[in-house]
$ cat data_35.tsv   # TSV, C-alpha atoms and all ligand atoms
chain	number	residue	atom	x	y	z
A	1	MET	CA	-12.36	72.99	188.09
A	2	THR	CA	-14.19	76.32	188.35
A	3	THR	CA	-11.97	79.38	188.21
A	4	LEU	CA	-12.23	82.79	189.81
A	5	SER	CA	-12.92	84.39	186.41
A	6	GLU	CA	-15.89	82.06	185.95
A	7	VAL	CA	-17.29	83.09	189.32
A	8	TYR	CA	-17.05	86.78	188.46
A	9	ARG	CA	-18.71	86.14	185.07
A	10	ASN	CA	-22.01	85.61	186.91
A	11	ASP	CA	-21.99	89.13	188.30
A	12	PRO	CA	-21.52	91.41	185.30
A	13	MET	CA	-20.77	95.13	185.65
A	14	THR	CA	-21.92	97.99	183.45
A	15	ASP	CA	-19.51	99.77	181.10
A	16	HIS	CA	-19.52	103.09	182.89
A	17	HIS	CA	-18.29	101.37	186.06
A	18	ILE	CA	-15.46	99.74	184.12
A	19	ILE	CA	-14.05	102.60	182.04
A	20	PRO	CA	-11.54	104.67	184.05
A	21	LEU	CA	-11.09	108.43	183.61
A	22	ASP	CA	-9.08	109.37	180.55
A	23	PHE	CA	-6.04	110.57	182.46
A	24	ASP	CA	-4.30	111.62	179.21
A	25	SER	CA	-6.71	114.44	178.56
A	26	ILE	CA	-7.98	115.48	181.96
A	27	ASP	CA	-6.67	118.53	183.80
A	28	GLY	CA	-8.96	118.81	186.83
A	29	VAL	CA	-11.05	116.55	189.04
A	30	PRO	CA	-14.52	116.30	187.43
A	31	GLU	CA	-17.71	116.52	189.52
A	32	SER	CA	-18.25	112.78	189.01
A	33	HIS	CA	-14.96	112.14	190.85
A	34	THR	CA	-15.13	114.90	193.50
A	35	TRP	CA	-15.49	113.42	196.97
A	36	PRO	CA	-16.33	115.44	200.07
A	37	PRO	CA	-13.12	116.59	201.79
A	38	PHE	CA	-11.38	113.92	203.86
A	39	ASP	CA	-10.44	114.24	207.48
A	40	GLU	CA	-6.74	114.66	207.93
A	41	PRO	CA	-5.47	111.29	209.09
A	42	LEU	CA	-5.05	111.63	212.85
A	43	ASN	CA	-1.43	110.65	212.69
A	44	LYS	CA	-0.63	113.89	210.89
A	45	ILE	CA	-2.04	115.98	213.76
A	46	GLN	CA	-1.01	113.94	216.73
A	47	THR	CA	2.59	114.51	217.73
A	48	CYS	CA	2.97	112.20	220.69
A	49	ASP	CA	1.40	109.11	222.23
A	50	LEU	CA	1.17	107.05	219.09
A	51	PRO	CA	4.04	105.34	217.33
A	52	ASP	CA	4.77	106.35	213.75
A	53	SER	CA	3.36	103.23	212.33
A	54	LEU	CA	1.07	100.92	214.21
A	55	ILE	CA	1.40	98.11	211.76
A	56	PRO	CA	4.27	95.87	212.81
A	57	VAL	CA	7.16	95.25	210.44
A	58	ILE	CA	8.17	91.61	210.79
A	59	ASP	CA	11.50	90.16	209.74
A	60	LEU	CA	10.83	86.70	208.36
A	61	THR	CA	14.31	85.53	209.35
A	62	ASN	CA	13.54	86.33	213.00
A	63	SER	CA	13.10	83.11	215.01
A	64	LYS	CA	10.01	84.63	216.62
A	65	ALA	CA	8.44	85.54	213.27
A	66	MET	CA	5.59	83.06	213.63
A	67	ASN	CA	4.45	84.42	216.98
A	68	LEU	CA	4.80	88.00	215.82
A	69	ILE	CA	2.69	87.24	212.77
A	70	GLY	CA	0.04	85.54	214.90
A	71	GLN	CA	-0.13	88.56	217.19
A	72	ALA	CA	-0.28	91.02	214.29
A	73	CYS	CA	-3.12	89.07	212.69
A	74	GLU	CA	-5.09	89.15	215.95
A	75	THR	CA	-4.44	92.78	216.74
A	76	TRP	CA	-4.51	94.48	213.35
A	77	GLY	CA	-5.28	91.97	210.64
A	78	MET	CA	-2.32	93.52	208.88
A	79	PHE	CA	1.49	93.61	209.01
A	80	GLN	CA	4.51	94.23	206.81
A	81	VAL	CA	7.18	91.62	206.03
A	82	ILE	CA	10.84	92.16	205.29
A	83	ASN	CA	13.62	89.65	204.52
A	84	HIS	CA	10.98	87.61	202.75
A	85	GLY	CA	13.26	86.21	200.07
A	86	VAL	CA	11.54	87.77	197.05
A	87	PRO	CA	14.35	88.99	194.76
A	88	SER	CA	14.47	92.79	194.66
A	89	ASP	CA	15.33	92.83	190.94
A	90	LEU	CA	12.05	91.05	190.23
A	91	VAL	CA	10.21	93.72	192.23
A	92	LYS	CA	12.03	96.38	190.17
A	93	LYS	CA	10.96	94.59	187.00
A	94	ILE	CA	7.32	94.43	187.96
A	95	GLU	CA	7.45	98.14	188.74
A	96	SER	CA	8.92	98.97	185.35
A	97	GLU	CA	6.58	96.66	183.41
A	98	SER	CA	3.58	98.15	185.23
A	99	GLN	CA	4.83	101.63	184.40
A	100	ARG	CA	5.22	100.60	180.77
A	101	LEU	CA	1.61	99.39	180.71
A	102	PHE	CA	0.04	102.44	182.35
A	103	ALA	CA	2.17	104.83	180.26
A	104	LEU	CA	0.40	103.60	177.11
A	105	PRO	CA	-2.12	106.03	175.63
A	106	THR	CA	-5.67	105.54	176.91
A	107	HIS	CA	-7.00	104.23	173.58
A	108	GLU	CA	-4.37	101.48	173.56
A	109	LYS	CA	-5.10	100.42	177.14
A	110	CYS	CA	-8.79	100.34	176.24
A	111	ARG	CA	-8.06	97.60	173.69
A	112	VAL	CA	-7.81	95.27	176.68
A	113	LEU	CA	-10.67	96.82	178.63
A	114	ARG	CA	-12.34	94.33	180.98
A	115	SER	CA	-15.58	93.07	179.43
A	116	THR	CA	-18.83	93.48	181.37
A	117	GLY	CA	-18.81	89.83	182.45
A	118	GLY	CA	-15.03	89.62	182.55
A	119	ALA	CA	-12.63	89.58	185.47
A	120	THR	CA	-9.33	90.38	183.78
A	121	GLY	CA	-7.89	93.27	181.80
A	122	TYR	CA	-7.82	97.05	182.10
A	123	GLY	CA	-10.45	98.98	184.04
A	124	SER	CA	-11.79	100.51	187.24
A	125	ALA	CA	-11.92	98.51	190.46
A	126	ARG	CA	-14.76	95.99	190.84
A	127	ILE	CA	-16.04	97.92	193.87
A	128	SER	CA	-16.88	101.02	191.75
A	129	PRO	CA	-20.67	100.41	191.55
A	130	PHE	CA	-20.95	100.68	195.34
A	131	PHE	CA	-19.84	104.32	195.45
A	132	ASP	CA	-21.51	107.48	194.11
A	133	LYS	CA	-18.18	108.96	193.08
A	134	GLY	CA	-15.54	107.59	190.74
A	135	MET	CA	-11.99	106.81	191.80
A	136	TRP	CA	-8.72	108.40	190.71
A	137	HIS	CA	-7.48	105.01	189.63
A	138	GLU	CA	-6.98	102.61	186.75
A	139	GLY	CA	-6.24	98.93	187.23
A	140	PHE	CA	-5.11	95.89	185.30
A	141	THR	CA	-6.24	92.49	186.60
A	142	ILE	CA	-4.45	89.24	185.77
A	143	MET	CA	-5.66	85.73	186.61
A	144	GLY	CA	-3.07	83.19	185.52
A	145	SER	CA	-1.56	83.99	182.14
A	146	CYS	CA	-1.84	87.47	180.70
A	147	VAL	CA	-0.54	86.52	177.26
A	148	ASP	CA	-3.76	87.27	175.34
A	149	ASP	CA	-3.94	90.85	176.60
A	150	ALA	CA	-0.18	91.41	176.32
A	151	LYS	CA	-0.26	90.32	172.65
A	152	VAL	CA	-2.91	92.95	171.97
A	153	LEU	CA	-0.88	95.66	173.70
A	154	TRP	CA	2.55	94.74	172.35
A	155	PRO	CA	2.17	92.38	169.36
A	156	HIS	CA	5.94	92.14	168.84
A	157	ASP	CA	7.12	92.51	172.39
A	158	PHE	CA	4.70	90.84	174.81
A	159	GLN	CA	7.04	88.25	176.30
A	160	ARG	CA	8.89	90.57	178.66
A	161	PHE	CA	5.63	91.66	180.30
A	162	CYS	CA	4.26	88.12	180.60
A	163	ASP	CA	7.51	86.62	181.92
A	164	THR	CA	7.67	89.27	184.63
A	165	MET	CA	4.03	88.80	185.64
A	166	ASP	CA	4.48	84.99	185.74
A	167	ALA	CA	7.70	85.12	187.75
A	168	TYR	CA	6.21	87.60	190.20
A	169	GLN	CA	3.03	85.53	190.68
A	170	ASN	CA	5.21	82.48	191.37
A	171	GLN	CA	7.17	84.31	194.04
A	172	MET	CA	3.98	85.68	195.59
A	173	LYS	CA	2.48	82.22	195.67
A	174	GLN	CA	5.48	80.81	197.51
A	175	LEU	CA	5.55	83.64	200.01
A	176	THR	CA	1.79	83.40	200.58
A	177	GLN	CA	2.11	79.69	201.29
A	178	LYS	CA	4.89	80.32	203.78
A	179	LEU	CA	2.87	83.02	205.56
A	180	LEU	CA	-0.38	81.07	205.57
A	181	LEU	CA	1.38	78.05	207.02
A	182	MET	CA	2.68	80.17	209.90
A	183	ILE	CA	-0.70	81.81	210.42
A	184	PHE	CA	-2.46	78.44	210.45
A	185	GLN	CA	0.07	77.00	212.86
A	186	THR	CA	-0.63	79.82	215.32
A	187	LEU	CA	-4.33	79.01	214.98
A	188	ASP	CA	-3.57	75.36	215.73
A	189	VAL	CA	-5.96	73.94	213.13
A	190	THR	CA	-6.04	70.53	211.40
A	191	GLN	CA	-3.85	69.45	208.49
A	192	GLU	CA	-6.96	69.16	206.36
A	193	GLU	CA	-7.78	72.80	207.00
A	194	ILE	CA	-4.21	73.81	206.19
A	195	ASP	CA	-4.46	71.90	202.92
A	196	TRP	CA	-7.68	73.70	202.08
A	197	ALA	CA	-5.97	77.08	202.36
A	198	ILE	CA	-2.62	76.19	200.88
A	199	SER	CA	-3.36	73.32	198.47
A	200	THR	CA	-1.58	74.16	195.28
A	201	HIS	CA	-3.53	72.75	192.37
A	202	ASP	CA	-7.03	74.26	192.73
A	203	SER	CA	-6.15	77.37	194.69
A	204	GLN	CA	-7.10	80.62	193.04
A	205	SER	CA	-5.18	83.84	192.79
A	206	ALA	CA	-5.21	87.18	191.07
A	207	LEU	CA	-2.68	89.90	190.43
A	208	GLN	CA	-3.86	93.49	190.39
A	209	LEU	CA	-1.72	96.33	189.04
A	210	ASN	CA	-3.03	99.62	190.45
A	211	SER	CA	-2.21	103.01	188.97
A	212	TYR	CA	-2.99	106.31	190.69
A	213	PRO	CA	-1.89	109.18	188.43
A	214	SER	CA	-0.83	112.40	190.14
A	215	CYS	CA	-3.95	114.37	190.99
A	216	PRO	CA	-4.48	118.15	190.85
A	217	ASN	CA	-6.76	118.11	193.91
A	218	PRO	CA	-5.88	115.14	196.14
A	219	SER	CA	-8.03	116.24	199.08
A	220	HIS	CA	-11.15	115.81	196.96
A	221	ALA	CA	-10.24	112.65	195.10
A	222	LEU	CA	-9.83	109.07	196.25
A	223	GLY	CA	-7.59	106.43	194.67
A	224	LEU	CA	-9.39	103.38	195.95
A	225	ALA	CA	-12.50	103.67	198.11
A	226	PRO	CA	-12.66	101.86	201.48
A	227	HIS	CA	-12.98	98.11	201.11
A	228	THR	CA	-11.86	94.80	202.50
A	229	ASP	CA	-10.17	92.22	200.29
A	230	SER	CA	-12.33	89.18	199.62
A	231	LEU	CA	-9.97	86.20	199.51
A	232	LEU	CA	-7.76	84.70	202.24
A	233	LEU	CA	-4.63	86.82	202.16
A	234	THR	CA	-3.34	89.81	200.17
A	235	LEU	CA	0.30	90.75	199.61
A	236	LEU	CA	0.79	94.35	198.49
A	237	HIS	CA	3.83	96.10	197.09
A	238	GLN	CA	3.25	99.81	197.74
A	239	GLY	CA	5.71	100.92	195.08
A	240	GLY	CA	7.78	103.23	197.26
A	241	ILE	CA	5.14	105.96	197.62
A	242	ASN	CA	2.79	106.28	200.61
A	243	GLY	CA	-0.91	106.05	199.86
A	244	LEU	CA	-2.35	103.03	201.63
A	245	GLU	CA	-4.45	103.82	204.70
A	246	PHE	CA	-6.31	101.55	207.07
A	247	PHE	CA	-9.15	102.30	209.44
A	248	VAL	CA	-8.82	101.91	213.19
A	249	GLU	CA	-11.89	102.25	215.36
A	250	GLY	CA	-11.49	105.37	217.48
A	251	LEU	CA	-8.38	106.54	215.62
A	252	GLY	CA	-9.69	106.98	212.10
A	253	TRP	CA	-7.64	106.54	208.93
A	254	ARG	CA	-3.93	105.87	209.42
A	255	GLN	CA	-1.16	105.57	206.92
A	256	VAL	CA	0.71	102.35	206.28
A	257	TYR	CA	4.18	103.83	205.87
A	258	VAL	CA	6.30	102.59	203.03
A	259	VAL	CA	9.07	100.35	204.29
A	260	ASP	CA	11.71	99.77	201.66
A	261	GLY	CA	11.42	96.29	200.16
A	262	ALA	CA	8.50	95.26	202.39
A	263	PHE	CA	5.19	93.69	201.45
A	264	VAL	CA	2.03	94.72	203.25
A	265	VAL	CA	0.09	91.59	204.20
A	266	ASN	CA	-3.58	91.73	205.08
A	267	ILE	CA	-6.31	89.36	206.14
A	268	GLY	CA	-9.11	88.93	203.63
A	269	ASP	CA	-12.77	88.16	204.29
A	270	LEU	CA	-12.31	84.38	203.91
A	271	LEU	CA	-9.59	84.25	206.58
A	272	HIS	CA	-11.69	86.47	208.85
A	273	ILE	CA	-14.50	83.91	208.49
A	274	PHE	CA	-12.19	80.93	208.97
A	275	SER	CA	-10.67	82.52	212.11
A	276	ASN	CA	-14.20	83.03	213.49
A	277	THR	CA	-13.38	86.81	213.73
A	278	LYS	CA	-10.26	86.16	215.83
A	279	PHE	CA	-8.48	87.98	213.00
A	280	PRO	CA	-10.19	91.32	212.42
A	281	ILE	CA	-11.01	92.42	208.93
A	282	VAL	CA	-9.14	95.55	207.85
A	283	SER	CA	-10.94	98.23	205.94
A	284	HIS	CA	-8.42	100.08	203.80
A	285	ARG	CA	-8.28	102.68	201.03
A	286	ALA	CA	-5.70	104.40	198.83
A	287	VAL	CA	-5.28	108.17	198.78
A	288	VAL	CA	-3.68	110.09	195.93
A	289	ASN	CA	-0.86	112.48	195.56
A	290	GLN	CA	-0.41	115.83	193.84
A	291	SER	CA	3.06	115.34	192.46
A	292	LYS	CA	3.66	111.61	192.02
A	293	HIS	CA	2.14	108.88	189.93
A	294	ARG	CA	1.83	105.92	192.29
A	295	ILE	CA	1.73	102.32	191.14
A	296	SER	CA	1.03	99.43	193.51
A	297	VAL	CA	0.82	95.68	192.92
A	298	ALA	CA	-1.53	93.43	194.88
A	299	TYR	CA	-1.59	89.64	194.91
A	300	PHE	CA	-4.72	87.91	196.18
A	301	HIS	CA	-4.76	84.26	197.21
A	302	GLY	CA	-7.80	82.10	197.86
A	303	PRO	CA	-8.85	78.47	198.22
A	304	PRO	CA	-10.64	76.50	195.46
A	305	VAL	CA	-13.87	78.33	194.63
A	306	GLU	CA	-15.90	75.09	194.78
A	307	SER	CA	-14.74	74.41	198.36
A	308	ARG	CA	-16.63	75.46	201.45
A	309	VAL	CA	-15.62	78.25	203.79
A	310	ALA	CA	-16.66	78.27	207.44
A	311	PRO	CA	-15.10	78.98	210.82
A	312	SER	CA	-12.47	76.37	211.68
A	313	ALA	CA	-13.86	73.24	213.36
A	314	LYS	CA	-11.82	74.17	216.45
A	315	PHE	CA	-14.26	76.97	217.28
A	316	GLN	CA	-17.14	75.79	219.48
A	317	ASN	CA	-19.43	78.69	218.60
A	318	PRO	CA	-19.07	79.50	214.92
A	319	CYS	CA	-20.28	83.01	214.16
A	320	PHE	CA	-20.66	82.42	210.41
A	321	LYS	CA	-22.64	79.90	208.39
A	322	SER	CA	-20.79	77.54	206.07
A	323	LEU	CA	-21.09	78.25	202.33
A	324	LEU	CA	-19.20	77.68	199.09
A	325	VAL	CA	-16.36	80.10	198.40
A	326	LYS	CA	-18.00	80.99	195.08
A	327	GLU	CA	-21.27	81.71	196.90
A	328	TYR	CA	-19.48	84.08	199.23
A	329	LEU	CA	-17.77	85.89	196.34
A	330	SER	CA	-21.08	86.27	194.60
A	331	LEU	CA	-22.68	87.70	197.78
A	332	LYS	CA	-19.77	90.12	198.00
A	333	SER	CA	-20.25	91.19	194.36
A	334	LYS	CA	-23.91	91.92	195.07
A	335	HIS	CA	-23.87	93.26	198.62
A	336	PHE	CA	-20.27	94.39	199.23
A	337	TYR	CA	-19.95	95.50	202.90
A	338	GLU	CA	-23.09	93.62	203.94
A	339	ALA	CA	-21.84	90.24	202.67
A	340	LEU	CA	-20.21	89.30	205.99
A	341	SER	CA	-23.25	90.20	208.07
A	342	LEU	CA	-25.51	88.23	205.71
A	343	ILE	CA	-23.72	85.00	206.61
A	344	ARG	CA	-23.64	85.56	210.38
A	345	SER	CA	-25.13	82.66	212.29
B	1	LIG	C1	-9.57	88.07	193.13
B	1	LIG	C2	-10.09	89.25	193.18
B	1	LIG	C3	-9.95	90.18	194.34
B	1	LIG	C4	-10.57	91.45	193.81
B	1	LIG	C5	-11.65	90.92	192.91
B	1	LIG	C6	-10.90	89.86	192.11
B	1	LIG	C7	-10.01	90.56	191.09
B	1	LIG	C8	-9.63	91.97	191.48
B	1	LIG	C9	-9.52	92.24	192.97
B	1	LIG	C10	-9.73	93.69	193.36
B	1	LIG	C11	-8.48	94.57	193.23
B	1	LIG	C12	-8.79	96.01	193.70
B	1	LIG	C13	-9.57	96.04	195.01
B	1	LIG	C14	-10.73	95.03	194.97
B	1	LIG	C15	-11.62	95.19	196.19
B	1	LIG	C16	-11.46	95.17	193.64
B	1	LIG	O1	-12.36	95.91	193.41
B	1	LIG	O2	-10.86	94.31	192.73
B	1	LIG	C17	-10.17	93.64	194.81
B	1	LIG	C18	-11.13	92.44	194.83
B	1	LIG	C19	-11.45	91.85	196.18
B	1	LIG	O3	-10.59	91.57	197.00
B	1	LIG	O4	-12.65	91.67	196.40
B	2	LIG	O1	-2.75	100.67	196.25
B	2	LIG	C1	-2.92	100.44	197.45
B	2	LIG	O2	-2.22	100.91	198.33
B	2	LIG	C2	-4.09	99.57	197.89
B	2	LIG	C3	-4.50	98.54	196.87
B	2	LIG	C4	-5.58	97.65	197.37
B	2	LIG	O3	-6.12	97.80	198.44
B	2	LIG	C5	-6.03	96.52	196.52
B	2	LIG	O4	-5.54	96.36	195.38
B	2	LIG	O5	-6.89	95.74	197.00
B	3	FE	FE	-7.38	96.07	198.97

$ encode --input "data_35.tsv" --output "structure tokens" --more "lines below"
Ligand SMILES: C=C1C[C@]23C[C@H]1CC[C@H]2[C@@]12CCC[C@@](C)(C(=O)O1)[C@H]2[C@@H]3C(=O)O
Ligand SMILES: O=C(O)CCC(=O)C(=O)O
Ligand SMILES: [Fe+2]
Amino acid sequence: MTTLSEVYRNDPMTDHHIIPLDFDSIDGVPESHTWPPFDEPLNKIQTCDLPDSLIPVIDLTNSKAMNLIGQACETWGMFQVINHGVPSDLVKKIESESQRLFALPTHEKCRVLRSTGGATGYGSARISPFFDKGMWHEGFTIMGSCVDDAKVLWPHDFQRFCDTMDAYQNQMKQLTQKLLLMIFQTLDVTQEEIDWAISTHDSQSALQLNSYPSCPNPSHALGLAPHTDSLLLTLLHQGGINGLEFFVEGLGWRQVYVVDGAFVVNIGDLLHIFSNTKFPIVSHRAVVNQSKHRISVAYFHGPPVESRVAPSAKFQNPCFKSLLVKEYLSLKSKHFYEALSLIRS
């Protein structure tokens, strides 16, 4: 079985795109990380007409949850879920373990720096090479077990970190399966296609801990530059502090407001392809904050990397060519935003 890490090994990055800013010693935003000023999100100017948050918040215990999810996927490609069954003490634990990791001094975090051909460990986001400016961000990527890195960071006390990451990934996997099943039922696709997306043994996932330290000049810095997530579905815990924004044609950048205990769910490229564009792809970014250090946790789920991705057989006029999942991920690593248009048929 080929793994996600093996796929990313074929598209190495250079060191300067991997090493984050040294947030321990910095006291201003350097030129290399100064972005042109951002437009105020429209929702801060507009006082009427538009609801506070466009993204629906869906209660999973609601009997209409499936339909609401289907609608949200078609309209926004994004929604929030509450009453999802993930224990809140586990969410608290992942917050505190992530804080413990990012609170380590820079030189200690750099002991687990992602290697140039690597996919896991400490470092800047993979999308860094596609932007002229650096991001006000440091990340830690986990694929499966994180025990090797945790042993380097905390030789005598690594278990607590690993147990939390494992338990959280398990919960995310279960919730993703539940959500994908509902989404696929609204699409009315075959059992074989459902198995492709949800099958447990070869499916691939990653956990990304994101840290956005408080920033002296937030209007000229960006936490995470605009991107779409590559796999099928992403579940994000915002960590109680606003920062996630998504782009709406004609409206500009809008905030995804923090809803206590909710996960933000968004469609990734592979589900956009499978839905034959019925589910729009959501470009999103993370902005930073002058007073608070924000930590978010994203879980990405995808099908086996050796399987093929294509629009569901139910669509008469597929708008994408069929290709291997690993081929798509490699196109994305090389061409980023253009990857989807390169496979248009
Ligand atoms: C399984 C994944 C999903 C990855 C790549 C790989 C590991 C890390 C993920 C992220 C996390 C941060 C944003 C993103 C855009 C990035 O730069 O790295 C994500 C990317 C993707 O969705 O493409
Ligand atoms: O931190 C956030 O709000 C966004 C994170 C994100 O988009 C990602 O990890 O892919
Ligand atoms: Fe993302």

$ residues_around --input "data_35.tsv" --residues "A:Asp260" --least-positions-apart "6" --cutoff "10 Å" --atoms "only C-alpha atoms" --output "MDAnalysis selection string"
chainID A and resid 82 237:241

$ residues_around --input "data_35.tsv" --residues "A:Gly121" --least-positions-apart "5" --cutoff "12 Å" --atoms "all atoms listed in the file" --output "VMD selection string"
chain A and resid 5 18 to 19 101 109 to 116 126 138 to 150 152 to 153 206 to 210

$ write_last_selection --input "data_35.tsv" --atoms "C-alpha atoms" --output "CSV table (one decimal), keeping the file's coordinate frame"
chain,number,residue,atom,x,y,z
A,5,SER,CA,-12.9,84.4,186.4
A,18,ILE,CA,-15.5,99.7,184.1
A,19,ILE,CA,-14.0,102.6,182.0
A,101,LEU,CA,1.6,99.4,180.7
A,109,LYS,CA,-5.1,100.4,177.1
A,110,CYS,CA,-8.8,100.3,176.2
A,111,ARG,CA,-8.1,97.6,173.7
A,112,VAL,CA,-7.8,95.3,176.7
A,113,LEU,CA,-10.7,96.8,178.6
A,114,ARG,CA,-12.3,94.3,181.0
A,115,SER,CA,-15.6,93.1,179.4
A,116,THR,CA,-18.8,93.5,181.4
A,126,ARG,CA,-14.8,96.0,190.8
A,138,GLU,CA,-7.0,102.6,186.8
A,139,GLY,CA,-6.2,98.9,187.2
A,140,PHE,CA,-5.1,95.9,185.3
A,141,THR,CA,-6.2,92.5,186.6
A,142,ILE,CA,-4.4,89.2,185.8
A,143,MET,CA,-5.7,85.7,186.6
A,144,GLY,CA,-3.1,83.2,185.5
A,145,SER,CA,-1.6,84.0,182.1
A,146,CYS,CA,-1.8,87.5,180.7
A,147,VAL,CA,-0.5,86.5,177.3
A,148,ASP,CA,-3.8,87.3,175.3
A,149,ASP,CA,-3.9,90.8,176.6
A,150,ALA,CA,-0.2,91.4,176.3
A,152,VAL,CA,-2.9,93.0,172.0
A,153,LEU,CA,-0.9,95.7,173.7
A,206,ALA,CA,-5.2,87.2,191.1
A,207,LEU,CA,-2.7,89.9,190.4
A,208,GLN,CA,-3.9,93.5,190.4
A,209,LEU,CA,-1.7,96.3,189.0
A,210,ASN,CA,-3.0,99.6,190.4

$ residues_near_ligand --input "data_35.tsv" --ligand "ligand FE 3 (chain B)" --cutoff "12 Å" --atoms "all atoms listed in the file" --output "ChimeraX atom specification"
/A:78,125-127,207-210,223-238,243-246,264-269,281-286,296-300

$ atom_distance --input "data_35.tsv" --atom1 "atom CA of A:His84" --atom2 "atom CA of A:Thr190"
25.6 Å

$ residues_around --input "data_35.tsv" --residues "A:Asp89" --least-positions-apart "6" --cutoff "12 Å" --atoms "only C-alpha atoms" --output "PDB file with C-alpha atoms, keeping the file's coordinate frame"
ATOM      1  CA  GLU A  95       7.450  98.140 188.740  1.00  0.00           C
ATOM      2  CA  SER A  96       8.920  98.970 185.350  1.00  0.00           C
ATOM      3  CA  THR A 164       7.670  89.270 184.630  1.00  0.00           C
ATOM      4  CA  ALA A 167       7.700  85.120 187.750  1.00  0.00           C
ATOM      5  CA  TYR A 168       6.210  87.600 190.200  1.00  0.00           C
ATOM      6  CA  GLY A 261      11.420  96.290 200.160  1.00  0.00           C
TER       7      GLY A 261
END

$ closest_residue --input "data_35.tsv" --among "A:Val189, A:Ile273, A:Val305, A:Leu251" --to "A:Phe320" --atoms "all atoms listed in the file"
A:Ile273

$ closest_residue --input "data_35.tsv" --among "A:Gln159, A:Gln174, A:Ser124, A:Thr3" --to "ligand LIG 2 (chain B)" --atoms "all atoms listed in the file"
A:Ser124

$ axis_aligned_box --input "data_35.tsv" --around "ligand LIG 1 (chain B)" --padding-each-side "4 Å" --output "JSON"
{"center_x": -10.6, "center_y": 92.1, "center_z": 194.0, "size_x": 12.2, "size_y": 16.0, "size_z": 13.9}

$ atom_distance --input "data_35.tsv" --atom1 "atom CA of A:Phe158" --atom2 "atom CA of A:Thr14"
28.9 Å

$ closest_residue --input "data_35.tsv" --among "A:Asp59, A:Asp11, A:Glu249, A:Glu108" --to "ligand LIG 1 (chain B)" --atoms "only C-alpha atoms and all ligand atoms"
A:Asp11

$ closest_residue --input "data_35.tsv" --among "A:Tyr122, A:Phe79, A:Phe247, A:Phe184" --to "ligand LIG 1 (chain B)" --atoms "only C-alpha atoms and all ligand atoms"
A:Tyr122

$ atom_distance --input "data_35.tsv" --atom1 "atom CA of A:Gly134" --atom2 "atom CA of A:Cys215"
13.4 Å

$ closest_residue --input "data_35.tsv" --among "A:Pro155, A:Ile198, A:Ser88, A:Val29" --to "A:Thr176" --atoms "all atoms listed in the file"
A:Ile198

$ closest_residue --input "data_35.tsv" --among "A:Leu331, A:Gly250, A:Cys319, A:Thr120" --to "A:Glu6" --atoms "all atoms listed in the file"
A:Thr120

$ residues_around --input "data_35.tsv" --residues "stretch 67-75 of chain A" --least-positions-apart "3" --cutoff "9 Å" --atoms "all atoms listed in the file" --output "short mmCIF file (atom, residue, chain, number, x, y, z; two decimals) with C-alpha atoms, keeping the file's coordinate frame"
data_model
loop_
_atom_site.label_atom_id
_atom_site.label_comp_id
_atom_site.auth_asym_id
_atom_site.auth_seq_id
_atom_site.Cartn_x
_atom_site.Cartn_y
_atom_site.Cartn_z
CA ILE A 55 1.40 98.11 211.76
CA PRO A 56 4.27 95.87 212.81
CA ILE A 58 8.17 91.61 210.79
CA SER A 63 13.10 83.11 215.01
CA LYS A 64 10.01 84.63 216.62
CA MET A 78 -2.32 93.52 208.88
CA PHE A 79 1.49 93.61 209.01
CA LEU A 179 2.87 83.02 205.56
CA MET A 182 2.68 80.17 209.90
CA ILE A 183 -0.70 81.81 210.42
CA PHE A 184 -2.46 78.44 210.45
CA GLN A 185 0.07 77.00 212.86
CA THR A 186 -0.63 79.82 215.32
CA LEU A 187 -4.33 79.01 214.98
CA ASN A 266 -3.58 91.73 205.08
CA ILE A 267 -6.31 89.36 206.14
CA THR A 277 -13.38 86.81 213.73
CA LYS A 278 -10.26 86.16 215.83
CA PHE A 279 -8.48 87.98 213.00
CA PRO A 280 -10.19 91.32 212.42
#

$ residues_around --input "data_35.tsv" --residues "A:Pro37" --least-positions-apart "3" --cutoff "9 Å" --atoms "all atoms listed in the file" --output "mmCIF file with C-alpha atoms, keeping the file's coordinate frame"
data_model
loop_
_atom_site.group_PDB
_atom_site.id
_atom_site.type_symbol
_atom_site.label_atom_id
_atom_site.label_comp_id
_atom_site.auth_asym_id
_atom_site.auth_seq_id
_atom_site.Cartn_x
_atom_site.Cartn_y
_atom_site.Cartn_z
ATOM 1 C CA THR A 34 -15.130 114.900 193.500
ATOM 2 C CA SER A 219 -8.030 116.240 199.080
ATOM 3 C CA HIS A 220 -11.150 115.810 196.960
ATOM 4 C CA ALA A 221 -10.240 112.650 195.100
#
